[in-house]
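Only one structure is covered here, and it is reproduced in the block below.
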Amino acid sequence: MKDCIFCKIAAGEIPSDKIYEDDKVVAFMDIRPVSRGHALVLPKLHAADIVETPDDVIADVMKQAKRIAVSIQHALNADGFTISTNRGEAAGQTVFHLHFHIIPRYRKDGLKPWPHQETEPRTRTQLAEEIKKHL
Ligand code: AMP
Ligand code: ZN
């Protein structure tokens, strides 16, 4: 897609530090890493986010994301990794071409866990019922 930075990186029109590439998937280093070795894995096909992307394409991308994440962990001697994707500005999405973040985790990386909250059992049950109606 014209004017999409990740389409341009996938096409080699903008430089990146590529880790992996095949006919459908590309992975490269994040320019502003959250941790040492933070990488992005995405489809070459342009789609704004996970909801807009066909399931078979997501499957191709996730298959490589798992493989690349394990490789990063081994290569950098990380203690684990987080794989995530943002959908929408409210979730923190800034580039509207689906991408999965692979964030290597280190025991002393200083990244804070998400702030968990307490809930009432009744609230959880109500939420589950609401969600099930939309499946
Ligand atoms: P998100 O906020 O989930 O949309 O993630 C976008 C990610 O893309 C951020 O982690 C950015 O640091 C990264 N990013 C933006 N531009 C580039 C670029 N030219 N090369 C590599 N990573 C980039
Ligand atoms: Zn794109």
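Just so we're on the same page: first chain in the structure tokens is A, next is B, and so on; residues restart at 1 for each chain, and ligands are numbered from 1 in the order they show up.
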
Could I get the residues of chain A with an atom no further than 12 Å from an atom of ligand 1, each paired with its nearest atom pair and that distance in Å to one decimal, using only C-alpha atoms and all ligand atoms, sorted by chain and residue number, as a Markdown table?
```
| residue | atom | partner | partner_atom_place_in_ligand_line | distance |
| --- | --- | --- | --- | --- |
| A:Cys4 | CA | ligand 1 | 16 (N) | 10.2 |
| A:Ile5 | CA | ligand 1 | 19 (N) | 6.6 |
| A:Phe6 | CA | ligand 1 | 19 (N) | 7.3 |
| A:Cys7 | CA | ligand 1 | 19 (N) | 10.5 |
| A:Lys8 | CA | ligand 1 | 19 (N) | 9.1 |
| A:Ile9 | CA | ligand 1 | 19 (N) | 7.3 |
| A:Ala10 | CA | ligand 1 | 20 (N) | 10.4 |
| A:Gly12 | CA | ligand 1 | 19 (N) | 11.3 |
| A:Glu13 | CA | ligand 1 | 19 (N) | 10.8 |
| A:Ile14 | CA | ligand 1 | 19 (N) | 7.4 |
| A:Pro15 | CA | ligand 1 | 19 (N) | 7.6 |
| A:Ser16 | CA | ligand 1 | 20 (N) | 5.9 |
| A:Asp17 | CA | ligand 1 | 21 (C) | 7.9 |
| A:Lys18 | CA | ligand 1 | 21 (C) | 9.5 |
| A:Ile19 | CA | ligand 1 | 21 (C) | 11.8 |
| A:Val26 | CA | ligand 1 | 21 (C) | 11.8 |
| A:Ala27 | CA | ligand 1 | 21 (C) | 9.7 |
| A:Phe28 | CA | ligand 1 | 21 (C) | 6.9 |
| A:Met29 | CA | ligand 1 | 21 (C) | 5.9 |
| A:Asp30 | CA | ligand 1 | 22 (N) | 3.8 |
| A:Ile31 | CA | ligand 1 | 22 (N) | 4.0 |
| A:Arg32 | CA | ligand 1 | 12 (O) | 4.1 |
| A:Pro33 | CA | ligand 1 | 12 (O) | 6.2 |
| A:Val34 | CA | ligand 1 | 10 (O) | 7.4 |
| A:Ser35 | CA | ligand 1 | 10 (O) | 10.4 |
| A:Gly37 | CA | ligand 1 | 10 (O) | 11.7 |
| A:His38 | CA | ligand 1 | 10 (O) | 8.2 |
| A:Ala39 | CA | ligand 1 | 22 (N) | 8.0 |
| A:Leu40 | CA | ligand 1 | 22 (N) | 7.3 |
| A:Val41 | CA | ligand 1 | 8 (O) | 10.3 |
| A:Leu42 | CA | ligand 1 | 8 (O) | 10.8 |
| A:Ala48 | CA | ligand 1 | 4 (O) | 9.8 |
| A:Asp49 | CA | ligand 1 | 4 (O) | 9.2 |
| A:Ile50 | CA | ligand 1 | 3 (O) | 11.3 |
| A:Ile83 | CA | ligand 1 | 3 (O) | 11.2 |
| A:Ser84 | CA | ligand 1 | 3 (O) | 8.3 |
| A:Thr85 | CA | ligand 1 | 3 (O) | 6.1 |
| A:Asn86 | CA | ligand 1 | 3 (O) | 4.9 |
| A:Arg87 | CA | ligand 1 | 3 (O) | 7.7 |
| A:Gly88 | CA | ligand 1 | 4 (O) | 8.5 |
| A:Glu89 | CA | ligand 1 | 4 (O) | 8.3 |
| A:Ala90 | CA | ligand 1 | 2 (O) | 10.3 |
| A:Ala91 | CA | ligand 1 | 3 (O) | 8.0 |
| A:Gly92 | CA | ligand 1 | 2 (O) | 5.2 |
| A:Gln93 | CA | ligand 1 | 4 (O) | 3.6 |
| A:Thr94 | CA | ligand 1 | 4 (O) | 3.6 |
| A:Val95 | CA | ligand 1 | 4 (O) | 3.9 |
| A:Phe96 | CA | ligand 1 | 4 (O) | 6.3 |
| A:His97 | CA | ligand 1 | 4 (O) | 7.8 |
| A:Leu98 | CA | ligand 1 | 4 (O) | 8.0 |
| A:His99 | CA | ligand 1 | 3 (O) | 7.1 |
| A:Phe100 | CA | ligand 1 | 3 (O) | 7.7 |
| A:His101 | CA | ligand 1 | 3 (O) | 7.2 |
| A:Ile102 | CA | ligand 1 | 10 (O) | 9.9 |
| A:Ile103 | CA | ligand 1 | 10 (O) | 9.8 |
```

### Message
If DSSP is run on the backbone, what residues of chain A are strand (DSSP E or B)? A reply as a PyMOL selection string would be ideal.
### Response
chain A and resi 18-21+25-29+39-43+80-84+100-105

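Using only C-alpha atoms, the shortest contact distance between Asp60 in chain A and any of A:Leu135, A:Leu111, A:Leu45, A:Ala78 is found at A:Leu45.
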
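When only C-alpha atoms are used to compute distances to Met62 in chain A, the closest of the residues A:Lys24, A:Lys108, A:His74, A:Arg36 turns out to be A:Lys24.
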